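J.: My structure file data18.cif, mmCIF, C-alpha atoms, is below:
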data_input
#
loop_
_atom_site.label_atom_id
_atom_site.label_comp_id
_atom_site.auth_asym_id
_atom_site.auth_seq_id
_atom_site.Cartn_x
_atom_site.Cartn_y
_atom_site.Cartn_z
CA MET A 23 0.00 0.00 0.00
CA SER A 24 2.84 2.42 0.87
CA ALA A 25 4.55 1.68 -2.46
CA THR A 26 1.34 2.55 -4.31
CA LEU A 27 0.98 5.81 -2.43
CA LEU A 28 4.61 6.68 -3.14
CA ALA A 29 4.16 5.99 -6.84
CA THR A 30 1.02 8.14 -6.90
CA PHE A 31 2.85 10.96 -5.11
CA VAL A 32 5.75 10.82 -7.56
CA LEU A 33 3.36 10.99 -10.50
CA LEU A 34 1.21 13.79 -9.11
CA TYR A 35 3.81 15.95 -7.37
CA PRO A 36 5.18 17.79 -10.45
CA PRO A 37 1.69 18.67 -11.77
CA LEU A 38 0.68 19.88 -8.31
CA LEU A 39 3.77 22.05 -8.08
CA GLN A 40 3.11 23.46 -11.54
CA ALA A 41 -0.54 24.19 -10.67
CA GLN A 42 0.49 26.00 -7.48
CA GLU A 43 3.10 28.02 -9.36
CA GLU A 44 0.59 29.01 -12.05
CA ALA A 45 -1.96 29.99 -9.40
CA GLY A 46 0.64 32.17 -7.69
CA GLN A 47 1.59 33.85 -10.96
CA ASN A 48 -2.06 34.44 -11.75
CA GLN A 49 -2.68 36.02 -8.37
CA GLN A 50 0.33 38.28 -8.90
CA LEU A 51 -1.10 39.34 -12.27
CA TYR A 52 -4.42 40.10 -10.60
CA ARG A 53 -2.73 42.29 -7.99
CA GLN A 54 -0.96 44.14 -10.81
CA ALA A 55 -4.31 44.70 -12.52
CA LEU A 56 -5.84 46.11 -9.34
CA GLN A 57 -2.86 48.46 -8.97
CA SER A 58 -3.35 49.60 -12.57
CA ILE A 59 -7.03 50.30 -11.82
CA ALA A 60 -6.06 52.32 -8.73
CA GLU A 61 -3.65 54.39 -10.85
CA GLY A 62 -6.25 55.02 -13.57
CA ARG A 63 -4.43 52.90 -16.18
CA ASN A 64 -7.57 51.21 -17.49
CA THR A 65 -6.05 50.02 -20.77
CA ASP A 66 -3.15 48.33 -18.97
CA ALA A 67 -5.55 46.85 -16.41
CA SER A 68 -7.75 45.48 -19.20
CA ASP A 69 -4.81 43.70 -20.86
CA THR A 70 -3.63 42.23 -17.55
CA LEU A 71 -7.13 41.02 -16.58
CA ARG A 72 -7.43 39.18 -19.89
CA GLN A 73 -4.23 37.31 -19.02
CA VAL A 74 -5.72 36.43 -15.61
CA ILE A 75 -8.87 35.03 -17.24
CA GLU A 76 -6.84 33.04 -19.76
CA GLY A 77 -4.93 31.41 -16.91
CA GLU A 78 -7.97 31.02 -14.64
CA PRO A 79 -11.28 31.08 -16.58
CA LEU A 80 -13.35 30.90 -13.37
CA HIS A 81 -11.75 33.95 -11.70
CA ALA A 82 -14.99 35.81 -10.95
CA GLY A 83 -13.27 38.95 -9.70
CA ALA A 84 -11.25 39.32 -12.90
CA TRP A 85 -14.38 38.88 -15.03
CA LEU A 86 -16.25 41.57 -13.09
CA ASP A 87 -13.35 44.04 -13.07
CA LEU A 88 -12.78 43.56 -16.79
CA ALA A 89 -16.49 44.02 -17.59
CA LEU A 90 -16.66 47.26 -15.58
CA ILE A 91 -13.49 48.56 -17.27
CA GLN A 92 -14.85 47.77 -20.72
CA CYS A 93 -18.00 49.69 -19.79
CA ALA A 94 -15.93 52.64 -18.52
CA LEU A 95 -13.92 52.65 -21.76
CA GLY A 96 -17.12 52.84 -23.83
CA HIS A 97 -16.95 49.26 -25.21
CA GLU A 98 -20.65 48.65 -24.68
CA GLN A 99 -21.08 45.37 -26.60
CA GLU A 100 -18.05 43.75 -24.98
CA ALA A 101 -19.18 44.88 -21.52
CA GLU A 102 -22.68 43.48 -22.09
CA ARG A 103 -21.25 40.15 -23.22
CA MET A 104 -19.18 39.91 -20.06
CA PHE A 105 -22.07 40.95 -17.81
CA GLU A 106 -24.09 38.08 -19.29
CA VAL A 107 -21.21 35.61 -18.72
CA ILE A 108 -20.99 36.73 -15.08
CA ARG A 109 -24.75 36.33 -14.61
CA SER A 110 -24.94 32.87 -16.15
CA ARG A 111 -21.63 31.37 -14.98
CA PHE A 112 -21.10 32.72 -11.46
CA ASN A 113 -24.60 33.24 -10.02
CA PRO A 114 -23.61 36.66 -8.59
CA SER A 115 -24.93 38.01 -5.32
CA PRO A 116 -27.61 40.75 -5.21
CA GLY A 117 -24.90 43.31 -4.41
CA ILE A 118 -22.92 42.41 -7.54
CA MET A 119 -26.07 42.47 -9.67
CA GLN A 120 -26.85 45.94 -8.29
CA LEU A 121 -23.34 47.08 -9.30
CA ILE A 122 -23.88 45.73 -12.82
CA THR A 123 -27.30 47.38 -13.03
CA GLU A 124 -25.83 50.75 -12.02
CA ALA A 125 -23.06 50.42 -14.62
CA ARG A 126 -25.63 49.66 -17.32
CA SER A 127 -27.88 52.55 -16.28
CA ASN A 128 -24.97 55.02 -16.40
CA GLY A 129 -24.26 53.88 -19.93
CA CYS A 130 -21.22 52.37 -21.65
CA ALA A 131 -21.57 54.26 -24.93
CA HIS A 132 -18.32 56.20 -24.68
CA TRP A 133 -15.36 56.91 -22.42
CA ARG A 134 -16.04 59.66 -19.88
CA PRO A 135 -12.94 61.35 -18.44
CA ASN A 136 -12.98 61.99 -14.71
CA ALA A 137 -12.49 65.56 -13.57
CA GLN A 138 -11.97 67.17 -10.17
CA LEU A 139 -12.27 70.80 -9.17
CA ALA A 140 -11.10 72.18 -5.83
CA PHE A 141 -11.25 75.66 -4.27
CA SER A 142 -9.92 77.02 -1.02
CA LEU A 143 -10.18 80.37 0.74
CA ALA A 144 -7.84 81.21 3.60
CA ARG A 145 -7.16 83.96 6.08
CA GLY A 146 -3.75 84.13 7.74
CA ILE A 147 -1.15 86.02 9.76
CA ASP A 148 2.48 86.26 8.63
CA GLN A 149 5.06 87.67 11.05
CA ASN A 150 7.80 88.07 8.43
CA VAL A 151 6.27 88.76 5.04
CA ASN A 152 9.52 89.95 3.43
CA GLN A 153 11.89 87.42 5.07
CA GLY A 154 13.48 90.31 6.91
CA SER A 155 16.81 89.78 8.67
CA SER A 156 16.83 88.70 12.30
CA ILE A 157 19.76 91.05 13.03
CA GLY A 158 19.70 94.87 13.17
CA SER A 159 23.05 95.59 11.53
CA TYR A 160 25.71 93.89 9.43
CA THR A 161 29.49 94.12 9.51
CA ALA A 162 30.82 94.20 5.94
CA SER A 163 34.27 94.63 4.47
CA SER A 164 35.37 97.81 2.71
CA SER A 165 38.92 97.61 1.30
CA GLY A 166 39.68 95.06 3.99
CA VAL A 167 38.35 97.32 6.79
CA PRO A 168 35.30 96.07 8.78
CA VAL A 169 32.36 98.49 8.49
CA GLU A 170 29.16 98.13 10.52
CA LEU A 171 26.07 98.90 8.41
CA PRO A 172 22.70 99.42 10.09
CA LEU A 173 19.81 97.79 8.22
CA THR A 174 16.99 99.99 6.96
CA SER A 175 13.37 99.12 7.65
CA ASP A 176 13.07 97.44 4.22
CA PHE A 177 15.45 94.70 5.41
CA LEU A 178 13.77 94.15 8.78
CA PRO A 179 10.78 91.81 9.36
CA LYS A 180 7.38 93.15 8.31
CA HIS A 181 4.18 91.78 9.86
CA ASP A 182 0.82 91.63 8.08
CA GLN A 183 -2.36 89.64 7.56
CA TYR A 184 -3.34 88.14 4.23
CA SER A 185 -6.07 86.42 2.22
CA LEU A 186 -5.32 83.43 0.03
CA LEU A 187 -7.30 81.95 -2.86
CA THR A 188 -6.38 78.66 -4.56
CA ALA A 189 -8.06 76.74 -7.36
CA ASP A 190 -7.07 73.33 -8.78
CA TYR A 191 -8.52 71.54 -11.79
CA LEU A 192 -7.55 67.95 -12.66
CA ARG A 193 -8.86 66.00 -15.67
CA ASP A 194 -8.13 62.67 -17.34
CA LEU A 195 -6.61 63.10 -20.79
CA THR A 196 -6.53 59.43 -21.86
CA PRO A 197 -8.23 56.20 -20.70
CA ASN A 198 -4.85 54.90 -19.54
CA GLY A 199 -4.25 57.32 -16.69
CA THR A 200 -2.64 60.37 -18.31
CA SER A 201 -4.02 63.45 -16.58
CA GLY A 202 -3.64 67.20 -16.94
CA TYR A 203 -3.95 69.88 -14.31
CA VAL A 204 -4.10 73.63 -13.79
CA GLN A 205 -3.30 75.31 -10.46
CA LEU A 206 -3.95 78.94 -9.54
CA GLN A 207 -2.95 80.70 -6.32
CA SER A 208 -3.30 84.33 -5.31
CA ARG A 209 -2.12 85.90 -2.01
CA ARG A 210 -3.12 89.44 -1.02
CA TYR A 211 -1.79 91.31 2.04
CA ASP A 212 -3.83 93.90 3.92
CA ARG A 213 -1.12 96.61 3.93
CA LEU A 214 2.03 95.35 2.20
CA GLY A 215 0.71 95.21 -1.35
CA GLN A 216 4.21 95.19 -2.83
CA TYR A 217 4.53 91.59 -1.60
CA ASN A 218 1.28 90.35 -3.15
CA SER A 219 1.91 87.26 -5.26
CA SER A 220 0.11 85.05 -7.75
CA SER A 221 1.07 81.85 -9.53
CA LEU A 222 -0.33 79.83 -12.41
CA PHE A 223 0.93 76.32 -13.15
CA ALA A 224 -0.16 73.78 -15.76
CA GLY A 225 1.16 70.32 -16.50
CA PHE A 226 0.46 66.66 -17.09
CA ASP A 227 1.28 63.32 -15.50
CA THR A 228 1.34 59.93 -17.21
CA PRO A 229 1.88 56.48 -15.65
CA TRP A 230 3.49 53.32 -17.03
CA ARG A 231 4.10 49.84 -15.71
CA PHE A 232 6.92 47.47 -16.71
CA GLY A 233 6.21 44.16 -15.02
CA ARG A 234 6.25 44.98 -11.31
CA TRP A 235 8.00 48.34 -11.85
CA THR A 236 5.93 51.53 -11.95
CA LEU A 237 6.92 54.82 -13.58
CA HIS A 238 5.29 58.25 -13.59
CA GLY A 239 6.46 60.96 -15.96
CA ALA A 240 5.40 64.59 -15.50
CA ALA A 241 6.09 68.02 -16.95
CA SER A 242 4.89 71.48 -15.88
CA VAL A 243 5.26 75.17 -16.67
CA GLY A 244 4.50 78.07 -14.35
CA LEU A 245 4.38 81.84 -13.99
CA ILE A 246 4.77 83.77 -10.72
CA THR A 247 4.06 87.45 -10.10
CA LEU A 248 5.33 89.60 -7.22
CA GLY A 249 3.72 92.96 -6.62
CA ASN A 250 2.31 93.90 -9.99
CA GLN A 251 5.14 92.44 -12.08
CA LEU A 252 5.85 89.10 -13.67
CA TYR A 253 8.62 87.84 -11.39
CA GLN A 254 9.50 84.28 -12.36
CA ARG A 255 9.05 81.60 -15.02
CA GLN A 256 9.48 77.93 -14.18
CA THR A 257 9.65 74.71 -16.19
CA GLN A 258 10.10 71.22 -14.78
CA VAL A 259 10.29 67.61 -15.95
CA GLN A 260 10.06 64.78 -13.46
CA ALA A 261 10.16 60.97 -13.35
CA ARG A 262 9.08 58.82 -10.38
CA VAL A 263 10.04 55.13 -10.28
CA GLY A 264 8.54 52.52 -7.98
CA PRO A 265 10.79 49.42 -7.80
CA PRO A 266 9.33 46.09 -6.60
CA LEU A 267 11.20 45.93 -3.29
CA PRO A 268 10.23 43.28 -0.70
CA LEU A 269 9.13 45.80 1.94
CA PRO A 270 7.13 44.83 5.03
CA GLY A 271 3.43 45.54 5.52
CA SER A 272 2.01 48.68 3.94
CA MET A 273 5.39 50.30 3.24
CA GLN A 274 6.22 51.58 -0.25
CA PHE A 275 9.32 53.17 -1.77
CA ASN A 276 9.78 55.36 -4.83
CA LEU A 277 12.67 57.24 -6.37
CA THR A 278 12.12 60.64 -8.02
CA THR A 279 14.38 62.64 -10.32
CA ALA A 280 13.60 66.15 -11.55
CA LEU A 281 15.10 68.98 -13.59
CA THR A 282 13.86 72.53 -12.93
CA HIS A 283 14.69 75.75 -14.76
CA VAL A 284 13.87 79.03 -13.03
CA GLU A 285 14.10 82.36 -14.82
CA TYR A 286 13.95 85.62 -12.82
CA LEU A 287 12.44 88.40 -14.91
CA THR A 288 13.14 91.36 -12.61
CA GLN A 289 16.64 90.39 -11.43
CA ASP A 290 19.82 89.79 -13.40
CA ASN A 291 22.14 86.84 -12.90
CA PHE A 292 19.81 84.82 -10.65
CA ASN A 293 18.50 82.22 -13.13
CA SER A 294 19.03 78.64 -11.98
CA ASN A 295 18.95 75.06 -13.26
CA THR A 296 18.35 72.57 -10.47
CA ALA A 297 18.67 68.78 -10.64
CA GLU A 298 17.48 66.59 -7.80
CA ILE A 299 17.15 62.94 -6.92
CA ARG A 300 15.24 61.83 -3.85
CA GLY A 301 13.97 58.64 -2.29
CA GLN A 302 10.72 58.41 -0.37
CA PHE A 303 9.31 55.77 1.98
CA ASN A 304 5.53 55.75 2.54
CA TYR A 305 3.70 53.85 5.26
CA ARG A 306 -0.07 53.67 5.63
CA LEU A 307 -2.45 52.12 8.15
CA GLU A 308 -6.13 52.74 8.84
CA ASP A 309 -5.63 55.65 11.25
CA ASN A 310 -2.02 56.62 10.54
CA SER A 311 0.20 57.35 7.57
CA ALA A 312 3.77 58.55 7.40
CA SER A 313 6.41 59.38 4.83
CA MET A 314 10.13 60.14 4.90
CA THR A 315 12.11 61.72 2.05
CA LEU A 316 15.83 62.25 1.55
CA GLY A 317 17.22 63.95 -1.54
CA ARG A 318 20.36 65.34 -3.14
CA LEU A 319 20.30 68.71 -4.98
CA THR A 320 22.58 70.51 -7.38
CA ASP A 321 22.00 74.02 -8.77
CA ARG A 322 23.89 75.30 -11.81
CA ALA A 323 23.72 79.00 -12.62
CA GLY A 324 25.43 81.63 -14.73
CA SER A 325 28.91 82.64 -13.63
CA ALA A 326 27.72 86.07 -12.49
CA ARG A 327 25.25 84.83 -9.87
CA PRO A 328 26.33 85.74 -6.32
CA GLY A 329 27.87 82.65 -4.75
CA GLY A 330 27.99 80.73 -8.05
CA ASN A 331 26.81 77.13 -8.23
CA ARG A 332 25.30 75.37 -5.23
CA GLU A 333 25.17 71.84 -3.85
CA GLY A 334 22.71 70.70 -1.22
CA TRP A 335 20.39 68.13 0.27
CA MET A 336 16.89 68.01 1.73
CA ALA A 337 14.96 65.80 4.14
CA THR A 338 11.27 65.67 4.99
CA ALA A 339 9.23 63.72 7.54
CA LEU A 340 5.40 63.73 7.59
CA TRP A 341 2.92 62.04 9.93
CA ARG A 342 -0.88 62.01 9.63
CA HIS A 343 -3.18 60.69 12.34
CA ARG A 344 -6.94 60.38 12.70
CA LEU A 345 -7.74 62.29 15.88
CA ALA A 346 -11.48 61.77 16.42
CA GLY A 347 -14.15 60.77 13.93
CA GLU A 348 -13.04 62.10 10.56
CA THR A 349 -10.84 64.86 12.04
CA THR A 350 -7.18 64.41 11.11
CA GLY A 351 -3.94 65.95 12.33
CA GLU A 352 -0.66 66.46 10.46
CA LEU A 353 2.85 67.16 11.66
CA SER A 354 5.80 67.65 9.30
CA TYR A 355 9.41 68.74 9.38
CA THR A 356 11.56 69.81 6.41
CA GLN A 357 15.23 70.70 6.30
CA GLN A 358 17.06 71.99 3.24
CA VAL A 359 20.75 72.83 3.06
CA TRP A 360 22.63 74.72 0.33
CA ASP A 361 26.38 75.28 0.05
CA SER A 362 27.64 77.80 -2.49
CA SER A 363 30.87 77.29 -4.42
CA LYS A 364 32.49 80.71 -3.97
CA ALA A 365 32.31 83.99 -2.06
CA TYR A 366 28.94 85.68 -2.22
CA SER A 367 30.26 89.15 -3.12
CA PRO A 368 34.10 89.45 -3.16
CA SER A 369 35.52 92.49 -1.31
CA PHE A 370 32.12 93.18 0.30
CA ILE A 371 30.77 89.81 1.54
CA ASP A 372 33.77 87.49 1.33
CA GLN A 373 32.10 84.48 2.93
CA ILE A 374 30.99 81.37 1.01
CA ARG A 375 27.29 81.08 1.77
CA HIS A 376 25.97 78.14 3.79
CA GLN A 377 22.17 78.09 4.08
CA ASN A 378 20.19 75.81 6.41
CA THR A 379 16.39 76.23 6.31
CA GLN A 380 14.15 74.31 8.71
CA VAL A 381 10.34 74.31 8.53
CA TRP A 382 7.94 72.89 11.12
CA ARG A 383 4.27 72.56 10.18
CA ALA A 384 1.23 71.38 12.15
CA ALA A 385 -2.36 71.22 10.88
CA VAL A 386 -5.78 69.98 11.95
CA THR A 387 -8.46 69.28 9.33
CA TYR A 388 -12.14 69.05 10.28
CA PRO A 389 -14.63 67.86 7.60
CA LEU A 390 -17.84 69.86 7.33
CA SER A 391 -19.38 67.55 4.71
CA THR A 392 -18.28 65.13 2.01
CA THR A 393 -17.04 68.05 -0.11
CA GLN A 394 -16.08 70.74 2.44
CA SER A 395 -13.59 71.01 5.29
CA LEU A 396 -11.85 73.48 7.58
CA GLN A 397 -8.12 73.41 8.23
CA LEU A 398 -6.13 75.26 10.90
CA GLU A 399 -2.41 75.36 10.09
CA ALA A 400 0.63 76.71 11.94
CA ARG A 401 4.07 77.02 10.36
CA GLN A 402 7.46 78.05 11.70
CA VAL A 403 10.49 78.78 9.50
CA ARG A 404 14.07 79.17 10.71
CA ASN A 405 16.65 80.13 8.11
CA LYS A 406 20.13 79.77 9.62
CA GLU A 407 23.09 81.08 7.63
CA ASN A 408 26.75 81.83 8.15
CA ILE A 409 26.15 85.23 6.48
CA SER A 410 24.11 86.82 9.23
CA ILE A 411 22.30 89.37 7.05
CA PHE A 412 20.41 86.52 5.38
CA GLN A 413 19.22 84.91 8.61
CA TYR A 414 15.50 85.18 9.27
CA ASN A 415 12.69 83.59 11.28
CA ASP A 416 9.03 83.45 10.39
CA ARG A 417 5.78 82.21 11.93
CA GLN A 418 2.44 81.86 10.14
CA LEU A 419 -1.06 80.93 11.27
CA GLN A 420 -3.75 80.18 8.68
CA LEU A 421 -7.42 79.11 8.68
CA THR A 422 -8.63 77.59 5.39
CA TRP A 423 -12.02 76.61 4.00
CA GLN A 424 -11.68 73.87 1.37
CA TRP A 425 -14.18 72.62 -1.20
CA GLN A 426 -13.72 69.72 -3.59
CA GLY A 427 -16.19 68.45 -6.17
CA LEU A 428 -16.52 66.75 -9.53
#
Using the file provided, produce a representation of the structure as structure tokens.

T.:
Amino acid sequence: MSATLLATFVLLYPPLLQAQEEAGQNQQLYRQALQSIAEGRNTDASDTLRQVIEGEPLHAGAWLDLALIQCALGHEQEAERMFEVIRSRFNPSPGIMQLITEARSNGCAHWRPNAQLAFSLARGIDQNVNQGSSIGSYTASSSGVPVELPLTSDFLPKHDQYSLLTADYLRDLTPNGTSGYVQLQSRRYDRLGQYNSSSLFAGFDTPWRFGRWTLHGAASVGLITLGNQLYQRQTQVQARVGPPLPLPGSMQFNLTTALTHVEYLTQDNFNSNTAEIRGQFNYRLEDNSASMTLGRLTDRAGSARPGGNREGWMATALWRHRLAGETTGELSYTQQVWDSSKAYSPSFIDQIRHQNTQVWRAAVTYPLSTTQSLQLEARQVRNKENISIFQYNDRQLQLTWQWQGL
């Protein structure tokens, strides 16, 4: 009897191993399809779900997901065929039938891009609108002789209150997750109108997947005004890669590279070209989420810019926590360091500039409804430098009403 069992085991063991391996590969494909759906890459998800069904014809979840995607893409006949297969082959529950009925009633005639519109209005207090120096005088060099120069009021901190308006519009451009956006922001001070600012940015983001690797490419252009003048033009290209690392639990890692060109329209010799590479870890649970970022920066400028080229690094830590009900709290810390390559202004400021900026931020967000919320935010900035005239501190307090709709 034992010999018979052994012979049966030997005959069946390889097929069993192969079946288990195929099931595991199929489940991995299904997880990739769900990730594609979450990222809005419906075409990629559709192709992957077809592979799942080919490997496992009775995978009910893959059939349902594929049918709903075909409906969302406007492939009405294909979606209807799959809905009928689901009904006849899997005997779906009333909840699934209700989902199918809703999809049919909304119509599958054509692809409908998703769009989101968000507004916010804020009122705030800024204790150092102009990033005024934290010292009252500066000792400079004149022909090698130290000279103490008192700072005028224009270089000292100025306090004011402000109103802030922001608007964001996001819209799908293709069925496979490419999206475009427009962002507008306008800040107006009660008394210090010369520091009023506005910005307008537009760009797009497109995702790809290569096996278990994810990639997002993005590009943007922007205009910034200061006072009543066009102050700055910006362009940026960015790529974010998500490698398939074996990380524990809900942790994720991605690597981002970016190139940014900044052109100053009211100042000579300050244009910059910045390259950065940064890694970010994200961790998410039901009531908590956290992220940590560490990056390397390099800034190349024209030879006439004070201080010349710069090298630096940045680090950010963010924690979100559900406080009570739907109320959430945020706490973040950012540090950015720049080191210039040569003296800032030879024979006047002979030091090579070292800049260390630290920002603490705390916020509480209280939802008023499904589309509206209130946020109270406090921010503290400490800019420490070896050239004392550039040192400054700032504190801000802001209350924001936010609205988001479709």

J.: Just to confirm, what's the straight-line distance from CA of His283 in chain A to CA of Leu186 in chain A in Å (one decimal)?

T.: 26.0 Å

J.: Looking at A:Thr296, A:Gln256, A:Gln183, A:Gln302, which one is nearest to Gln418 in chain A, with distances taken over all atoms listed in the file?

T.: A:Gln183

J.: So which residues touch Gln57 in chain A within 12 Å, counting all atoms listed in the file, skipping near sequence neighbours fewer than 2 positions away, as a list in words?

T.: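 Contacts, with the query itself left out: Gln50, Leu51, Tyr52, Arg53, Gln54, Ala55, Ile59, Ala60, Glu61, Gly62, Arg63, Asn64, Asp66, Ala67, Ser68, Thr70, Leu71, Gly199, Pro229, Trp230, Arg231, Gly233, Arg234, Trp235 and Thr236 of chain A.
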
J.: Using all atoms listed in the file, which of A:Ser391, A:Trp423, A:Gly239, A:Pro328 sits nearest Phe370 in chain A?

T.: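 Between A:Ser391, A:Trp423, A:Gly239, A:Pro328, the residue approaching Phe370 in chain A most closely is A:Pro328.
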
J.: Return the single residue from A:Pro172, A:Pro389, A:Gly129, A:Gly271 that is closest to Glu348 in chain A, with distances computed using only C-alpha atoms.

T.: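 Using only C-alpha atoms, the shortest distance to Glu348 in chain A belongs to A:Pro389.
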
J.: As a check of understanding, name the residues that the PyMOL selection byres ((chain A and resi 307) around 10) selects in the supplied structure, as a list of chain:residue names.

T.: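 Applying the PyMOL selection byres ((chain A and resi 307) around 10) to the structure shown produces A:Gly271, A:Ser272, A:Met273, A:Tyr305, A:Arg306, A:Glu308, A:Asp309, A:Asn310, A:Ser311, A:Ala312, A:His343.
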
J.: What are the centre and the three edge lengths of an axis-aligned box that wraps all atoms of range 175-193 of chain A in the file, given that 3 Å is added to every side, written as lines of an AutoDock Vina configuration file and rounded to one decimal in Å?

T.:
center_x = 3.3
center_y = 82.6
center_z = -2.9
size_x = 30.3
size_y = 39.1
size_z = 31.5

J.: Exactly which residues make up the result of the PyMOL selection byres ((chain A and resi 130) around 12) on this file, given as a list of chain:residue names?

T.: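 When the PyMOL selection byres ((chain A and resi 130) around 12) is applied to the shown file, the picked residues are A:Ala89, A:Leu90, A:Ile91, A:Gln92, A:Cys93, A:Ala94, A:Leu95, A:Gly96, A:His97, A:Glu98, A:Gln99, A:Glu100, A:Ala101, A:Glu102, A:Ile122, A:Thr123, A:Glu124, A:Ala125, A:Arg126, A:Ser127, A:Asn128, A:Gly129, A:Ala131, A:His132, A:Trp133, A:Arg134.
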
J.: Using all atoms listed in the file, find the one residue out of A:Thr320, A:Asn136, A:Gln120, A:Gln258 that sits nearest to Gly202 in chain A.

T.: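 Distance minimum relative to Gly202 in chain A lands on A:Asn136.
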
J.: If you count only C-alpha atoms, which residues fall within 12 Å of Leu396 in chain A, apart from same-chain ones fewer than 2 positions away, as a VMD selection string?

T.: chain A and resid 142 to 145 348 to 351 385 to 394 398 to 399 420 to 426

J.: Go ahead and write the residues just picked, C-alpha atoms, as a CSV table (one decimal), in the coordinates of the input.

T.:
chain,number,residue,atom,x,y,z
A,142,SER,CA,-9.9,77.0,-1.0
A,143,LEU,CA,-10.2,80.4,0.7
A,144,ALA,CA,-7.8,81.2,3.6
A,145,ARG,CA,-7.2,84.0,6.1
A,348,GLU,CA,-13.0,62.1,10.6
A,349,THR,CA,-10.8,64.9,12.0
A,350,THR,CA,-7.2,64.4,11.1
A,351,GLY,CA,-3.9,66.0,12.3
A,385,ALA,CA,-2.4,71.2,10.9
A,386,VAL,CA,-5.8,70.0,12.0
A,387,THR,CA,-8.5,69.3,9.3
A,388,TYR,CA,-12.1,69.0,10.3
A,389,PRO,CA,-14.6,67.9,7.6
A,390,LEU,CA,-17.8,69.9,7.3
A,391,SER,CA,-19.4,67.6,4.7
A,392,THR,CA,-18.3,65.1,2.0
A,393,THR,CA,-17.0,68.0,-0.1
A,394,GLN,CA,-16.1,70.7,2.4
A,398,LEU,CA,-6.1,75.3,10.9
A,399,GLU,CA,-2.4,75.4,10.1
A,420,GLN,CA,-3.8,80.2,8.7
A,421,LEU,CA,-7.4,79.1,8.7
A,422,THR,CA,-8.6,77.6,5.4
A,423,TRP,CA,-12.0,76.6,4.0
A,424,GLN,CA,-11.7,73.9,1.4
A,425,TRP,CA,-14.2,72.6,-1.2
A,426,GLN,CA,-13.7,69.7,-3.6

J.: How many Å separate CA of Gln73 in chain A from CA of Glu106 in chain A?

T.: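 It comes out at 19.9 Å.
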
J.: Distance CA of Asn408 in chain A-CA of Leu316 in chain A, one decimal place?

T.: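 Taking CA of Asn408 in chain A as the start and CA of Leu316 in chain A as the end point, the length is 23.4 Å.
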
J.: With all atoms listed in the file as the basis for distance, which of A:Ile118, A:Leu237, A:Ile108, A:Leu214 is at the shortest distance from Val151 in chain A?

T.: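 Closest to Val151 in chain A of all the choices is A:Leu214.
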
J.: Just want the 10 Å neighbourhood of Lys364 in chain A, counted on only C-alpha atoms, with same-chain residues fewer than 4 positions away dropped. Output as a ChimeraX atom specification.

T.: /A:328-332,368,372-375

J.: Would you kindly translate the PyMOL selection byres ((chain A and resi 210) around 8) into the concrete residues it picks from this file, as an mmCIF file with C-alpha atoms, keeping the file's coordinate frame?

T.:
data_model
loop_
_atom_site.group_PDB
_atom_site.id
_atom_site.type_symbol
_atom_site.label_atom_id
_atom_site.label_comp_id
_atom_site.auth_asym_id
_atom_site.auth_seq_id
_atom_site.Cartn_x
_atom_site.Cartn_y
_atom_site.Cartn_z
ATOM 1 C CA TYR A 184 -3.340 88.140 4.230
ATOM 2 C CA SER A 185 -6.070 86.420 2.220
ATOM 3 C CA LEU A 186 -5.320 83.430 0.030
ATOM 4 C CA SER A 208 -3.300 84.330 -5.310
ATOM 5 C CA ARG A 209 -2.120 85.900 -2.010
ATOM 6 C CA TYR A 211 -1.790 91.310 2.040
ATOM 7 C CA ASP A 212 -3.830 93.900 3.920
ATOM 8 C CA GLY A 215 0.710 95.210 -1.350
ATOM 9 C CA TYR A 217 4.530 91.590 -1.600
ATOM 10 C CA ASN A 218 1.280 90.350 -3.150
ATOM 11 C CA SER A 219 1.910 87.260 -5.260
#
